[in-house]
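Q: Take a look at final-v6.cif, mmCIF, C-alpha atoms and all ligand atoms:
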data_work
#
loop_
_atom_site.label_atom_id
_atom_site.label_comp_id
_atom_site.auth_asym_id
_atom_site.auth_seq_id
_atom_site.Cartn_x
_atom_site.Cartn_y
_atom_site.Cartn_z
CA ALA Y 695 120.26 116.47 151.72
CA THR Y 696 119.47 114.37 154.72
CA PRO Y 697 118.50 110.73 154.34
CA THR Y 698 115.13 111.62 155.90
CA SER Y 699 114.29 114.32 153.33
CA ILE Y 700 115.19 111.97 150.52
CA MET Y 701 112.94 109.32 152.00
CA VAL Y 702 110.09 111.84 152.21
CA GLY Y 703 110.65 112.98 148.61
CA THR Y 704 110.86 109.41 147.37
CA GLY Y 705 107.63 108.59 149.21
CA LYS Y 706 105.82 111.58 147.68
CA GLY Y 707 107.08 110.51 144.27
CA ALA Y 708 105.65 107.03 144.78
CA GLU Y 709 102.25 108.56 145.55
CA LEU Y 710 102.36 110.37 142.20
CA GLY Y 711 103.54 107.27 140.35
CA ILE Y 712 107.15 108.43 140.07
CA LEU Y 713 109.58 105.70 141.04
CA PHE Y 714 113.07 106.79 142.08
CA ARG Y 715 115.19 103.70 141.65
CA LYS Y 716 118.19 105.44 143.22
CA GLY Y 717 118.08 108.04 145.99
CA ASP Y 718 120.60 110.34 144.39
CA ALA Y 719 118.46 110.66 141.24
CA LEU Y 720 116.17 112.90 143.28
CA GLN Y 721 119.16 115.10 144.11
CA ARG Y 722 120.57 115.18 140.59
CA LEU Y 723 117.19 116.06 139.07
CA ARG Y 724 117.26 119.36 140.92
CA ASP Y 725 120.22 120.53 138.82
CA ALA Y 726 118.60 119.69 135.45
CA GLN Y 727 119.00 122.38 132.79
CA VAL Y 728 117.92 120.54 129.65
CA ILE Y 729 115.13 117.99 129.19
CA ALA Y 730 115.54 115.90 126.06
CA LEU Y 731 112.63 113.68 125.09
CA ASP Y 732 112.20 110.88 122.60
CA LYS Y 733 109.24 111.55 120.29
CA THR Y 734 107.48 108.28 119.48
CA GLY Y 735 105.82 106.77 122.55
CA THR Y 736 107.06 109.58 124.80
CA LEU Y 737 105.67 112.85 123.40
CA THR Y 738 103.27 110.92 121.17
CA ARG Y 739 101.11 107.92 121.94
CA GLY Y 740 103.28 105.53 119.96
CA ARG Y 741 100.19 104.29 118.10
CA PRO Y 742 100.47 105.75 114.61
CA GLU Y 743 97.77 105.41 111.97
CA LEU Y 744 98.07 105.25 108.21
CA THR Y 745 96.64 108.54 106.91
CA ASP Y 746 97.68 108.72 103.25
CA PHE Y 747 98.60 106.33 100.48
CA ILE Y 748 99.47 107.73 97.05
CA VAL Y 749 100.65 105.43 94.26
CA ALA Y 750 102.83 106.29 91.30
CA GLU Y 751 101.44 106.00 87.81
CA ASP Y 752 101.04 102.38 86.65
CA PHE Y 753 100.52 101.11 90.19
CA ASP Y 754 97.28 100.01 91.79
CA GLU Y 755 96.69 101.30 95.30
CA ASN Y 756 95.24 98.17 96.88
CA THR Y 757 97.81 95.92 95.22
CA VAL Y 758 100.71 97.98 96.57
CA LEU Y 759 99.14 98.29 100.02
CA ARG Y 760 98.65 94.53 100.16
CA LEU Y 761 102.32 93.92 99.28
CA VAL Y 762 103.55 96.53 101.74
CA ALA Y 763 101.36 95.12 104.53
CA ALA Y 764 102.75 91.63 103.89
CA VAL Y 765 106.26 92.98 104.56
CA GLU Y 766 105.20 95.00 107.59
CA ARG Y 767 103.50 91.98 109.11
CA LEU Y 768 107.02 90.72 109.77
CA SER Y 769 108.14 93.93 111.48
CA GLU Y 770 107.55 94.95 115.09
CA HIS Y 771 107.78 98.68 114.51
CA PRO Y 772 104.67 100.70 115.47
CA ILE Y 773 104.61 101.98 111.87
CA ALA Y 774 104.26 98.37 110.74
CA GLU Y 775 101.22 97.78 112.92
CA ALA Y 776 99.57 100.89 111.49
CA ILE Y 777 100.04 99.70 107.92
CA VAL Y 778 98.84 96.14 108.55
CA ALA Y 779 95.77 97.44 110.41
CA ALA Y 780 94.92 99.80 107.52
CA ALA Y 781 95.18 97.01 104.96
CA ARG Y 782 92.88 94.79 107.04
CA GLU Y 783 90.42 97.66 107.50
CA ARG Y 784 90.18 97.92 103.74
CA GLY Y 785 89.36 94.24 103.67
CA LEU Y 786 92.58 93.34 101.88
CA GLU Y 787 94.01 89.90 102.29
CA VAL Y 788 97.55 90.33 103.56
CA GLY Y 789 99.87 87.71 102.13
CA GLU Y 790 103.00 86.01 103.39
CA GLY Y 791 106.46 87.48 103.00
CA SER Y 792 109.84 85.79 103.11
CA ASP Y 793 113.52 86.83 103.32
CA PHE Y 794 112.54 89.64 105.64
CA ALA Y 795 115.17 92.09 106.86
CA ALA Y 796 114.85 95.24 108.97
CA GLU Y 797 117.35 98.06 108.57
CA PRO Y 798 117.00 100.03 111.81
CA GLY Y 799 116.30 103.69 111.16
CA PHE Y 800 115.83 103.08 107.44
CA GLY Y 801 113.07 100.58 106.72
CA VAL Y 802 112.20 96.98 105.92
CA VAL Y 803 112.46 94.60 102.99
CA ALA Y 804 110.96 91.22 102.07
CA THR Y 805 109.88 89.11 99.14
CA VAL Y 806 106.11 88.81 98.62
CA ALA Y 807 104.59 86.68 95.85
CA GLY Y 808 107.95 86.65 94.08
CA ARG Y 809 108.33 90.42 94.21
CA ARG Y 810 110.96 92.37 96.11
CA ILE Y 811 109.27 94.95 98.35
CA GLN Y 812 111.09 97.71 100.21
CA VAL Y 813 109.39 100.13 102.60
CA GLY Y 814 110.96 102.95 104.56
CA ALA Y 815 112.22 106.49 104.89
CA ASP Y 816 113.44 108.70 102.05
CA ARG Y 817 117.04 107.99 103.06
CA PHE Y 818 116.32 104.27 102.61
CA MET Y 819 115.12 104.88 99.04
CA ARG Y 820 118.20 106.99 98.30
CA ARG Y 821 120.42 104.21 99.58
CA LEU Y 822 118.63 101.88 97.15
CA ASP Y 823 119.39 104.36 94.35
CA LEU Y 824 115.74 105.30 94.01
CA ASP Y 825 114.66 108.94 93.86
CA PRO Y 826 112.01 109.78 96.50
CA ASP Y 827 111.90 113.34 95.15
CA VAL Y 828 109.44 112.33 92.45
CA PHE Y 829 107.03 112.73 95.39
CA ALA Y 830 108.69 115.92 96.68
CA GLN Y 831 105.52 118.00 96.74
CA GLN Y 832 103.48 115.31 98.51
CA ALA Y 833 106.28 114.68 101.00
CA GLN Y 834 106.46 118.35 101.85
CA ASP Y 835 102.68 118.63 102.32
CA LEU Y 836 102.53 115.51 104.51
CA SER Y 837 105.53 116.30 106.69
CA SER Y 838 104.51 119.91 107.27
CA GLN Y 839 101.29 118.48 108.78
CA GLY Y 840 103.40 116.48 111.23
CA LYS Y 841 102.86 113.21 109.34
CA THR Y 842 105.74 110.83 108.63
CA PRO Y 843 106.20 110.18 104.91
CA LEU Y 844 107.31 106.68 103.91
CA TYR Y 845 108.00 105.16 100.53
CA ALA Y 846 107.40 101.76 98.98
CA ALA Y 847 109.36 100.18 96.15
CA VAL Y 848 108.21 97.17 94.14
CA ASP Y 849 110.87 95.25 92.19
CA GLY Y 850 113.21 98.23 92.28
CA ARG Y 851 110.64 100.83 91.18
CA LEU Y 852 109.28 103.54 93.42
CA ALA Y 853 105.58 102.65 93.74
CA ALA Y 854 104.04 104.77 96.48
CA ILE Y 855 104.39 107.44 99.12
CA LEU Y 856 102.43 106.82 102.28
CA ALA Y 857 102.13 108.62 105.57
CA VAL Y 858 101.54 107.69 109.17
CA SER Y 859 100.54 110.04 111.95
CA ASP Y 860 101.02 109.47 115.65
CA PRO Y 861 98.76 111.54 117.91
CA ILE Y 862 100.37 113.73 120.58
CA LYS Y 863 99.54 112.55 124.11
CA ASP Y 864 96.93 114.64 125.94
CA SER Y 865 99.42 115.33 128.74
CA THR Y 866 102.24 116.58 126.48
CA PRO Y 867 101.33 120.30 126.03
CA ALA Y 868 100.83 120.83 129.78
CA ALA Y 869 104.06 118.95 130.54
CA ILE Y 870 106.08 121.16 128.21
CA LYS Y 871 104.52 124.31 129.62
CA ALA Y 872 105.42 123.18 133.15
CA LEU Y 873 109.01 122.34 132.12
CA HIS Y 874 109.38 125.82 130.66
CA ALA Y 875 107.93 127.28 133.88
CA GLU Y 876 110.72 125.46 135.76
CA GLY Y 877 113.20 127.26 133.49
CA LEU Y 878 114.25 124.21 131.49
CA ARG Y 879 115.24 123.97 127.84
CA VAL Y 880 113.12 121.33 126.08
CA VAL Y 881 114.63 119.25 123.26
CA MET Y 882 113.11 116.50 121.08
CA ILE Y 883 115.34 113.66 119.82
CA THR Y 884 113.86 111.43 117.11
CA GLY Y 885 114.64 109.11 114.24
CA ASP Y 886 111.73 110.62 112.34
CA ASN Y 887 111.86 112.83 109.28
CA ARG Y 888 113.23 116.34 109.95
CA ARG Y 889 110.33 118.33 108.55
CA THR Y 890 107.81 116.12 110.38
CA ALA Y 891 109.66 116.44 113.68
CA GLU Y 892 109.98 120.21 113.24
CA ALA Y 893 106.24 120.56 112.54
CA ILE Y 894 105.45 118.67 115.75
CA GLY Y 895 108.10 120.58 117.68
CA ARG Y 896 106.68 123.90 116.54
CA ARG Y 897 103.16 122.85 117.51
CA LEU Y 898 104.42 121.96 121.01
CA GLY Y 899 106.70 124.96 121.52
CA ILE Y 900 109.77 122.76 121.81
CA ASP Y 901 113.05 124.73 121.89
CA GLN Y 902 115.23 122.41 119.80
CA VAL Y 903 114.58 119.43 117.50
CA VAL Y 904 117.23 116.81 116.75
CA ALA Y 905 115.79 114.67 113.92
CA GLU Y 906 116.75 111.81 111.60
CA VAL Y 907 118.88 110.34 114.37
CA LEU Y 908 119.84 106.73 113.72
CA PRO Y 909 118.90 104.24 116.47
CA ASP Y 910 122.35 104.21 118.06
CA GLY Y 911 122.76 107.97 117.62
CA LYS Y 912 120.53 109.16 120.46
CA VAL Y 913 123.34 108.68 122.94
CA ASP Y 914 125.59 111.01 120.89
CA ALA Y 915 122.80 113.58 120.76
CA VAL Y 916 122.57 113.48 124.57
CA ARG Y 917 126.36 113.73 124.90
CA GLU Y 918 126.34 116.79 122.67
CA LEU Y 919 123.64 118.45 124.78
CA GLN Y 920 125.82 117.77 127.85
CA SER Y 921 128.72 119.81 126.48
CA GLY Y 922 129.73 122.71 128.68
CA GLU Y 923 128.73 120.75 131.79
CA ARG Y 924 125.06 121.21 131.08
CA LYS Y 925 122.92 118.78 133.10
CA VAL Y 926 120.69 116.80 130.78
CA VAL Y 927 117.69 114.64 131.62
CA PHE Y 928 116.59 112.20 128.92
CA VAL Y 929 113.06 110.79 128.78
CA GLY Y 930 112.33 107.74 126.65
CA ASP Y 931 110.48 104.46 126.33
CA GLY Y 932 112.10 102.35 123.61
CA ILE Y 933 114.83 99.75 123.31
CA ASN Y 934 116.92 102.22 121.33
CA ASP Y 935 116.50 104.80 124.11
CA ALA Y 936 118.40 102.67 126.65
CA PRO Y 937 121.94 103.98 125.92
CA ALA Y 938 120.70 107.60 125.97
CA LEU Y 939 118.90 106.98 129.29
CA ALA Y 940 122.15 105.65 130.75
CA GLN Y 941 124.25 108.51 129.31
CA ALA Y 942 122.01 111.31 130.59
CA ASP Y 943 122.64 112.88 134.00
CA VAL Y 944 119.25 111.45 134.89
CA GLY Y 945 117.31 108.97 132.74
CA ILE Y 946 113.53 108.87 133.04
CA ALA Y 947 111.75 105.89 131.48
CA ILE Y 948 108.06 105.71 130.65
CA GLY Y 949 106.77 102.69 132.54
CA THR Y 950 104.46 101.72 129.70
CA GLY Y 951 107.50 101.28 127.45
CA THR Y 952 110.08 98.52 127.13
CA ASP Y 953 111.76 96.73 130.07
CA ILE Y 954 115.21 97.61 128.75
CA ALA Y 955 114.40 101.32 128.94
CA MET Y 956 113.21 100.94 132.54
CA GLU Y 957 116.33 99.02 133.54
CA SER Y 958 118.54 101.76 132.07
CA ALA Y 959 116.75 104.60 133.85
CA GLU Y 960 117.03 105.90 137.39
CA VAL Y 961 113.49 107.22 137.42
CA VAL Y 962 110.46 105.33 136.11
CA LEU Y 963 107.05 106.92 135.52
CA MET Y 964 104.36 104.39 136.30
CA SER Y 965 101.96 105.81 133.70
CA GLY Y 966 102.44 107.42 130.31
CA ASP Y 967 101.35 110.79 131.75
CA LEU Y 968 104.13 113.15 130.79
CA ARG Y 969 103.20 115.72 133.45
CA ASN Y 970 105.08 113.53 135.90
CA VAL Y 971 108.34 114.71 134.30
CA PRO Y 972 107.91 118.32 135.53
CA ASN Y 973 106.32 116.90 138.70
CA ALA Y 974 109.48 114.90 139.38
CA ILE Y 975 111.66 117.98 138.92
CA ALA Y 976 109.42 120.18 141.05
CA LEU Y 977 109.46 117.47 143.72
CA SER Y 978 113.25 117.27 143.74
CA ARG Y 979 113.53 121.03 144.01
CA ALA Y 980 110.93 121.26 146.78
CA THR Y 981 112.40 118.35 148.74
CA LEU Y 982 115.92 119.67 148.63
CA THR Y 983 115.26 123.34 149.29
CA ASN Y 984 113.39 122.50 152.51
CA ILE Y 985 116.62 121.15 153.89
CA LYS Y 986 118.79 123.32 156.06
P1 LIG Y 1001 111.65 106.37 115.97
O1 LIG Y 1001 111.86 105.54 117.22
O2 LIG Y 1001 111.85 107.84 116.23
O3 LIG Y 1001 110.36 106.06 115.26
P2 LIG Y 1001 113.20 104.58 114.27
O4 LIG Y 1001 114.69 104.57 114.22
O5 LIG Y 1001 112.50 103.42 114.86
O6 LIG Y 1001 112.83 105.98 114.97
O7 LIG Y 1001 112.65 104.78 112.79
C1 LIG Y 1001 113.14 105.83 111.99
C2 LIG Y 1001 112.50 105.79 110.63
O8 LIG Y 1001 112.84 104.57 109.94
C3 LIG Y 1001 110.99 105.80 110.65
O9 LIG Y 1001 110.47 107.09 110.82
C4 LIG Y 1001 110.71 105.20 109.28
O10 LIG Y 1001 110.89 106.19 108.29
C5 LIG Y 1001 111.78 104.17 109.11
N1 LIG Y 1001 111.31 102.82 109.51
C6 LIG Y 1001 111.71 102.10 110.59
N2 LIG Y 1001 111.05 100.93 110.66
C7 LIG Y 1001 110.17 100.91 109.63
C8 LIG Y 1001 109.16 99.99 109.17
N3 LIG Y 1001 108.91 98.83 109.79
N4 LIG Y 1001 108.48 100.32 108.07
C9 LIG Y 1001 108.70 101.48 107.45
N5 LIG Y 1001 109.60 102.40 107.83
C10 LIG Y 1001 110.34 102.12 108.89
MG MG Y 1002 109.90 105.93 121.66
#
Show me, as structure tokens, the structure contained in the file I just sent.
Ligand code: ADP
Ligand code: MG

A:
Amino acid sequence: ATPTSIMVGTGKGAELGILFRKGDALQRLRDAQVIALDKTGTLTRGRPELTDFIVAEDFDENTVLRLVAAVERLSEHPIAEAIVAAARERGLEVGEGSDFAAEPGFGVVATVAGRRIQVGADRFMRRLDLDPDVFAQQAQDLSSQGKTPLYAAVDGRLAAILAVSDPIKDSTPAAIKALHAEGLRVVMITGDNRRTAEAIGRRLGIDQVVAEVLPDGKVDAVRELQSGERKVVFVGDGINDAPALAQADVGIAIGTGTDIAMESAEVVLMSGDLRNVPNAIALSRATLTNIK
């Protein structure tokens, strides 16, 4: 590739809102074979909503929701925002929590009104020696609809199963279709529940789903996809996507995401429109085949 053609390609990218932070990213994108994408905030809007809240016998729905929301008020996870917003929408007064702790990839814990409240994934409940399978049927129904099931414990007793759902971005189906048209294998990497991730993957026609990945495990997932010299592009937006963005042959950050993700990536998309991922690849291929 000549310096001129790279300048032209980089300029065209800028017009589309695709920022190439390094010139050779444009060249390396051409060789991409696999596109791995983070789910939350990349394939989905990253703005989940609380859709279901089912309490165990002996528990009152609004009481449990109020306790859970008090814990989540102390968390910065998008799931937390969804739960707090739902409690407020129901007109519930959300109290104060103390002794808050977040266990990345598992859930959150705090004390509210003298009660110990834990909220998180099924694996979090298992680690607390609680049995989430008392809600097995509900969990299966919720996750097969692409919703993320979560559990709440009050003073060491399983009190509720709840679910959040994060809408797929409008641009995602077209982006995946275009990636397939470019001959790429499309993979989703997520910390979310396996059945939930698979339901969403199926809906989108994604080739491979890597689910229940712990926050520092995305980089290993990328490394595994790179085996056999396969060229892997990773697309993400979050803090925990930064190591995977750096590990990939090319990292593409969503510009509406976190600064750390953008600093770790060689390509930044100025909007959340996912169609700029296949656009970037098509651009690199067009730019570099015109060169003699
Ligand atoms: P992702 O970025 O794919 O959402 P995370 O590692 O942030 O993955 O979260 C993985 C899982 O951990 C979530 O799907 C949820 O089950 C649980 N979790 C994380 N934070 C919270 C929270 N604040 N409240 C409840 N559950 C949480
Ligand atoms: Mg994300």

Q: May I ask which of the residues Y:Ala730, Y:Val803, Y:Ala868, Y:Leu744 is the closest one to Gln941 of chain Y, counting all atoms listed in the file?

A: Y:Ala730

Q: Can you pull out every residue within 9 Å of Leu873 of chain Y, counting only C-alpha atoms, but drop anything in the same chain fewer than 2 positions away, and send it as number ranges by chain?

A: Y: 729, 868-871, 875-880, 969, 971-973, 975

Q: Go ahead and write the selection's residues with C-alpha atoms as a PDB file, in the coordinates of the input.

A:
ATOM      1  CA  ILE Y 729     115.130 117.990 129.190  1.00  0.00           C
ATOM      2  CA  ALA Y 868     100.830 120.830 129.780  1.00  0.00           C
ATOM      3  CA  ALA Y 869     104.060 118.950 130.540  1.00  0.00           C
ATOM      4  CA  ILE Y 870     106.080 121.160 128.210  1.00  0.00           C
ATOM      5  CA  LYS Y 871     104.520 124.310 129.620  1.00  0.00           C
ATOM      6  CA  ALA Y 875     107.930 127.280 133.880  1.00  0.00           C
ATOM      7  CA  GLU Y 876     110.720 125.460 135.760  1.00  0.00           C
ATOM      8  CA  GLY Y 877     113.200 127.260 133.490  1.00  0.00           C
ATOM      9  CA  LEU Y 878     114.250 124.210 131.490  1.00  0.00           C
ATOM     10  CA  ARG Y 879     115.240 123.970 127.840  1.00  0.00           C
ATOM     11  CA  VAL Y 880     113.120 121.330 126.080  1.00  0.00           C
ATOM     12  CA  ARG Y 969     103.200 115.720 133.450  1.00  0.00           C
ATOM     13  CA  VAL Y 971     108.340 114.710 134.300  1.00  0.00           C
ATOM     14  CA  PRO Y 972     107.910 118.320 135.530  1.00  0.00           C
ATOM     15  CA  ASN Y 973     106.320 116.900 138.700  1.00  0.00           C
ATOM     16  CA  ILE Y 975     111.660 117.980 138.920  1.00  0.00           C
TER      17      ILE Y 975
END

Q: Which residues of chain Y come within 9 Å of ligand LIG 1001 (chain Y), and for each one, what is the closest pair of atoms and their distance in Å to one decimal, counting all atoms listed in the file, sorted by chain and residue number, as CSV?

A:
residue,atom,partner,partner_atom,distance
Y:Asp732,CA,Y:LIG1001,O2,7.1
Y:Lys733,CA,Y:LIG1001,O2,6.1
Y:Thr734,CA,Y:LIG1001,O2,5.5
Y:Gly735,CA,Y:LIG1001,O1,8.1
Y:Gly740,CA,Y:LIG1001,O3,8.5
Y:Val762,CA,Y:LIG1001,N4,8.9
Y:Val765,CA,Y:LIG1001,N3,8.3
Y:Glu766,CA,Y:LIG1001,N3,5.8
Y:Arg767,CA,Y:LIG1001,N3,8.8
Y:Leu768,CA,Y:LIG1001,N3,8.3
Y:Ser769,CA,Y:LIG1001,N3,5.2
Y:Glu770,CA,Y:LIG1001,N3,6.7
Y:His771,CA,Y:LIG1001,N3,4.9
Y:Pro772,CA,Y:LIG1001,N3,7.3
Y:Ile773,CA,Y:LIG1001,C8,5.7
Y:Ala774,CA,Y:LIG1001,N3,4.8
Y:Glu775,CA,Y:LIG1001,N3,8.4
Y:Ile777,CA,Y:LIG1001,N4,8.5
Y:Ala796,CA,Y:LIG1001,N3,7.0
Y:Glu797,CA,Y:LIG1001,C6,7.2
Y:Pro798,CA,Y:LIG1001,O4,5.6
Y:Gly799,CA,Y:LIG1001,O4,3.6
Y:Phe800,CA,Y:LIG1001,O8,4.2
Y:Gly801,CA,Y:LIG1001,C10,3.8
Y:Val802,CA,Y:LIG1001,C8,5.4
Y:Val803,CA,Y:LIG1001,N4,8.6
Y:Gln812,CA,Y:LIG1001,C9,8.5
Y:Val813,CA,Y:LIG1001,C9,5.1
Y:Gly814,CA,Y:LIG1001,N5,3.6
Y:Ala815,CA,Y:LIG1001,O10,3.7
Y:Asp816,CA,Y:LIG1001,O10,7.2
Y:Arg817,CA,Y:LIG1001,O10,8.3
Y:Phe818,CA,Y:LIG1001,C5,7.9
Y:Thr842,CA,Y:LIG1001,O9,6.4
Y:Pro843,CA,Y:LIG1001,O10,7.0
Y:Leu844,CA,Y:LIG1001,O10,5.7
Y:Tyr845,CA,Y:LIG1001,C9,7.9
Y:Ala846,CA,Y:LIG1001,C9,8.6
Y:Ile883,CA,Y:LIG1001,O2,7.7
Y:Thr884,CA,Y:LIG1001,O2,4.2
Y:Gly885,CA,Y:LIG1001,O2,3.7
Y:Asp886,CA,Y:LIG1001,O9,4.0
Y:Asn887,CA,Y:LIG1001,O9,6.1
Y:Ala905,CA,Y:LIG1001,O2,8.2
Y:Glu906,CA,Y:LIG1001,C1,7.0
Y:Val907,CA,Y:LIG1001,O4,7.1
Y:Leu908,CA,Y:LIG1001,O4,5.6
Y:Pro909,CA,Y:LIG1001,O4,4.8
Y:Asp910,CA,Y:LIG1001,O4,8.6
Y:Gly932,CA,Y:LIG1001,O1,7.1
Y:Ile933,CA,Y:LIG1001,O1,8.9
Y:Asn934,CA,Y:LIG1001,O1,7.3
Y:Asp935,CA,Y:LIG1001,O1,8.3

Q: Quick one: residues within 10 Å of segment 962-964 of chain Y, all atoms listed in the file counted, chain neighbours fewer than 4 positions away excluded, as an NGL selection string?

A: :Y and (707-708 or 710-715 or 929-931 or 945-951 or 955-958 or 968-971 or 974)

Q: One decimal, in Å: what's the spacing between atom CA of Gly717 of chain Y and atom CA of Met701 of chain Y?

A: 8.0 Å

Q: Can you tell me how far atom CA of Lys925 of chain Y sits from atom CA of Ala726 of chain Y, in Å to one decimal?

A: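 Computing the Euclidean distance for atom CA of Lys925 of chain Y and atom CA of Ala726 of chain Y yields 5.0 Å.
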
Q: What does the structure give for the distance between atom CA of Ala976 of chain Y and atom CA of Thr736 of chain Y, in Å to one decimal?

A: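 So the answer is 19.5 Å.
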
Q: Tell me, as a PyMOL selection string, which residues lie within 12 Å of Asp825 of chain Y, counting only C-alpha atoms; anything in the same chain fewer than 3 positions away does not count.

A: chain Y and resi 815-822+828-830+845-847+850-855

Q: Would you mind exporting the chosen residues as a short mmCIF file (atom, residue, chain, number, x, y, z; two decimals), keeping the file's coordinate frame, restricted to C-alpha atoms?

A:
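Done, and the output landed in out38.cif:
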data_model
loop_
_atom_site.label_atom_id
_atom_site.label_comp_id
_atom_site.auth_asym_id
_atom_site.auth_seq_id
_atom_site.Cartn_x
_atom_site.Cartn_y
_atom_site.Cartn_z
CA ALA Y 815 112.22 106.49 104.89
CA ASP Y 816 113.44 108.70 102.05
CA ARG Y 817 117.04 107.99 103.06
CA PHE Y 818 116.32 104.27 102.61
CA MET Y 819 115.12 104.88 99.04
CA ARG Y 820 118.20 106.99 98.30
CA ARG Y 821 120.42 104.21 99.58
CA LEU Y 822 118.63 101.88 97.15
CA VAL Y 828 109.44 112.33 92.45
CA PHE Y 829 107.03 112.73 95.39
CA ALA Y 830 108.69 115.92 96.68
CA TYR Y 845 108.00 105.16 100.53
CA ALA Y 846 107.40 101.76 98.98
CA ALA Y 847 109.36 100.18 96.15
CA GLY Y 850 113.21 98.23 92.28
CA ARG Y 851 110.64 100.83 91.18
CA LEU Y 852 109.28 103.54 93.42
CA ALA Y 853 105.58 102.65 93.74
CA ALA Y 854 104.04 104.77 96.48
CA ILE Y 855 104.39 107.44 99.12
#

Q: So, with all atoms listed in the file as the atoms that count, which of Y:Pro867, Y:Gly899, Y:Gly808, Y:Gly966 lies closest to ligand MG 1002 (chain Y)?

A: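 Looking at the shortest contact to ligand MG 1002 (chain Y), the residue is Y:Gly966.
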
Q: Skip Ser859 of chain Y itself and residues of its chain fewer than 6 positions away, then list as an MDAnalysis selection string all residues within 6 Å of it, counting all atoms listed in the file.

A: chainID Y and resid 742:743 841

Q: Considering only C-alpha atoms, return as a list in words whatever protein or nucleic-acid residues lie within 9 Å of Val926 of chain Y, sequence-local ones (same chain, fewer than 4 positions apart) excluded.

A: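 The neighbour list is Asp725, Ala726, Gln727, Val728, Ile729, Ala730, Val916, Arg917, Leu919, Gln920, Ala942, Asp943, Val944 and Gly945 of chain Y.
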
Q: So which one's closest to ligand MG 1002 (chain Y), Y:Leu731, Y:Leu982, Y:Leu723, Y:Val778? Using only C-alpha atoms and all ligand atoms, please.

A: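 Checking each of Y:Leu731, Y:Leu982, Y:Leu723, Y:Val778 against ligand MG 1002 (chain Y), counting only C-alpha atoms and all ligand atoms, the winner is Y:Leu731.
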
Q: Which residue out of Y:Pro826, Y:Ile700, Y:Glu790, Y:Gln721 has the minimum interatomic distance to Ala750 of chain Y when all atoms listed in the file are used?

A: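 Looking at the shortest contact to Ala750 of chain Y, the residue is Y:Pro826.
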
Q: From the set Y:Ser838, Y:Ser921, Y:Thr738, Y:Ser699, which residue has the shortest atom-to-atom contact distance to ligand MG 1002 (chain Y), counting only C-alpha atoms and all ligand atoms?

A: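 Among the listed residues, the smallest separation from ligand MG 1002 (chain Y) belongs to Y:Thr738.
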
Q: To box segment 789-800 of chain Y, take all atoms listed in the file, fit an axis-aligned box, add 5 Å on each side, and give centre and edge lengths in Å to one decimal, as JSON.

A:
{"center_x": 108.6, "center_y": 94.7, "center_z": 107.0, "size_x": 27.5, "size_y": 27.9, "size_z": 19.7}
